[in-house]
Amino acid sequence: MSMYRDSLRLFNVENVYDVLDIPPESLPRQIREAAYQLILHEHPDLKPLTERIEAFEKCRLVHKILLILTDAKKRAVYDKRGSLGLTGSSNQMTLDLTNLLDQCFALMKFPLDGASVRENFLHNYKGSLLEKRDIKTAYILGKGSMDRILTEVPLTTVKDENRIKKIIRSLIRTKELKTYKKFENDAADKRRSRKKRFAAFTVEEEQNKAMDELLVKYNKDLDVGALDYNDDDELAANTPAQPSDILLTRCNGDLNAVLNNLSSKYGSDTSCTQMETDPDYEQQ
């Protein structure tokens, strides 16, 4: 089944950007952030058993969209044609999706009945295995370019550079990454220039913190019954400008067991592919 039909069937929209609720000009970091939060919202392990197959299908589609929109060549083809014919190993895709689901689920450290997806993402993404995965991907794509890392990795700012460099050097020592000249020759003038060019991300981080504080207060108000759920006017008056959905249901179940069953159901689908990287791309 095509992405168009899947998007319409599962999310009632026709465009993959609308699935993620982002504009077409979004940077890769914004695409990843939106995709991860949508996967968290639709995560099979956070759904009742009767909804888990559809939840898995939604996450599978989001994963496919993520691979397309974070690959410069594949994204250009999609933007031009509005579709993309894909072939490849569904077994590899399923394994990658399983790892992504596990890494996203690990971000849900707050009580699921009191914290939103956004809160969990903002608090727990940095320092997570998911962030480490994104740093490795961005490092390889940009051949060691810190500019590329800031463009690709969600929530990162120039304030994170030293921390990120420590992670990369550790991965180089363990032979998980190779050394690139761009990384080793990151001179002071380049860092000063990058600080100016990527200043907007620092502002974005401060805005995220402000919104996070509003969401925490919002959830505490709900917990103590300060707002009336049945009073639409009161809820509207006390809701932050961009509130995230609050997960009110705690679900039980073994995700790995669910995925094993679902993997066999979708294992024969060859509409997905393992995306190629574009090592020559570097967004300045």
# chains A, B, ... in the order shown; residues from 1 in each chain; ligands from 1
>>> residues_around(residues="A:Glu205", least_positions_apart="5", cutoff="12 Å", atoms="only C-alpha atoms", output="list in words")
Leu122, His123, Pro154, Leu155, Thr156, Thr157, Val158, Lys159, Asp160, Phe198, Ala199, Ala200, Ala210, Met211 and Asp212 of chain A
>>> select_by_dssp(residues="stretch 57-99 of chain A", states="alpha helix (DSSP H)", output="PyMOL selection string")
chain A and resi 57-69+72-81+90-99
>>> residues_around(residues="stretch 30-43 of chain A", least_positions_apart="4", cutoff="10 Å", atoms="only C-alpha atoms", output="number ranges by chain")
A: 17, 19-26, 47, 51-52, 54-63, 65-67, 69-70, 100-108, 116-122, 125, 130, 134, 151-155, 244-247, 255
>>> closest_residue(among="A:Gly82, A:Gly127, A:Gly142, A:Pro44", to="A:Glu14", atoms="only C-alpha atoms")
A:Gly82
>>> closest_residue(among="A:Gln207, A:Ser145, A:Thr137, A:Ser83", to="A:Arg29", atoms="only C-alpha atoms")
A:Thr137
>>> residues_around(residues="A:Asn185", least_positions_apart="6", cutoff="12 Å", atoms="only C-alpha atoms", output="VMD selection string")
chain A and resid 143 to 146 179 191
>>> write_last_selection(atoms="all heavy atoms", output="JSON list (two decimals), in the first residue's frame")
[["chain", "number", "residue", "atom", "x", "y", "z"],
["A", 143, "LYS", "N", 30.20, 14.02, 7.60],
["A", 143, "LYS", "CA", 31.64, 13.73, 7.66],
["A", 143, "LYS", "C", 32.34, 14.55, 8.74],
["A", 143, "LYS", "O", 33.39, 15.13, 8.52],
["A", 143, "LYS", "CB", 32.28, 13.97, 6.29],
["A", 143, "LYS", "CG", 31.77, 13.03, 5.20],
["A", 143, "LYS", "CD", 32.48, 13.27, 3.88],
["A", 143, "LYS", "CE", 32.00, 12.28, 2.83],
["A", 143, "LYS", "NZ", 32.66, 12.47, 1.52],
["A", 144, "GLY", "N", 31.72, 14.58, 9.92],
["A", 144, "GLY", "CA", 32.32, 15.25, 11.06],
["A", 144, "GLY", "C", 31.92, 16.71, 11.24],
["A", 144, "GLY", "O", 32.39, 17.37, 12.16],
["A", 145, "SER", "N", 31.01, 17.21, 10.39],
["A", 145, "SER", "CA", 30.61, 18.62, 10.46],
["A", 145, "SER", "C", 29.70, 18.87, 11.65],
["A", 145, "SER", "O", 28.63, 18.27, 11.78],
["A", 145, "SER", "CB", 29.89, 19.01, 9.17],
["A", 145, "SER", "OG", 29.25, 20.26, 9.31],
["A", 146, "MET", "N", 30.08, 19.80, 12.52],
["A", 146, "MET", "CA", 29.23, 20.17, 13.64],
["A", 146, "MET", "C", 28.00, 20.93, 13.14],
["A", 146, "MET", "O", 26.93, 20.87, 13.76],
["A", 146, "MET", "CB", 30.00, 21.03, 14.63],
["A", 146, "MET", "CG", 31.01, 20.26, 15.49],
["A", 146, "MET", "SD", 30.26, 18.92, 16.46],
["A", 146, "MET", "CE", 29.09, 19.83, 17.47],
["A", 179, "THR", "N", 37.39, 8.91, 12.35],
["A", 179, "THR", "CA", 37.76, 10.31, 12.52],
["A", 179, "THR", "C", 37.65, 11.05, 11.19],
["A", 179, "THR", "O", 38.07, 10.53, 10.15],
["A", 179, "THR", "CB", 39.20, 10.43, 13.05],
["A", 179, "THR", "OG1", 39.29, 9.75, 14.29],
["A", 179, "THR", "CG2", 39.58, 11.89, 13.24],
["A", 191, "ARG", "N", 33.69, 28.02, 15.23],
["A", 191, "ARG", "CA", 32.76, 27.91, 16.36],
["A", 191, "ARG", "C", 32.05, 29.24, 16.60],
["A", 191, "ARG", "O", 30.85, 29.27, 16.90],
["A", 191, "ARG", "CB", 33.50, 27.45, 17.62],
["A", 191, "ARG", "CG", 34.06, 26.04, 17.51],
["A", 191, "ARG", "CD", 34.46, 25.49, 18.88],
["A", 191, "ARG", "NE", 35.55, 26.25, 19.48],
["A", 191, "ARG", "CZ", 36.83, 25.98, 19.29],
["A", 191, "ARG", "NH1", 37.19, 24.99, 18.47],
["A", 191, "ARG", "NH2", 37.77, 26.69, 19.90]]
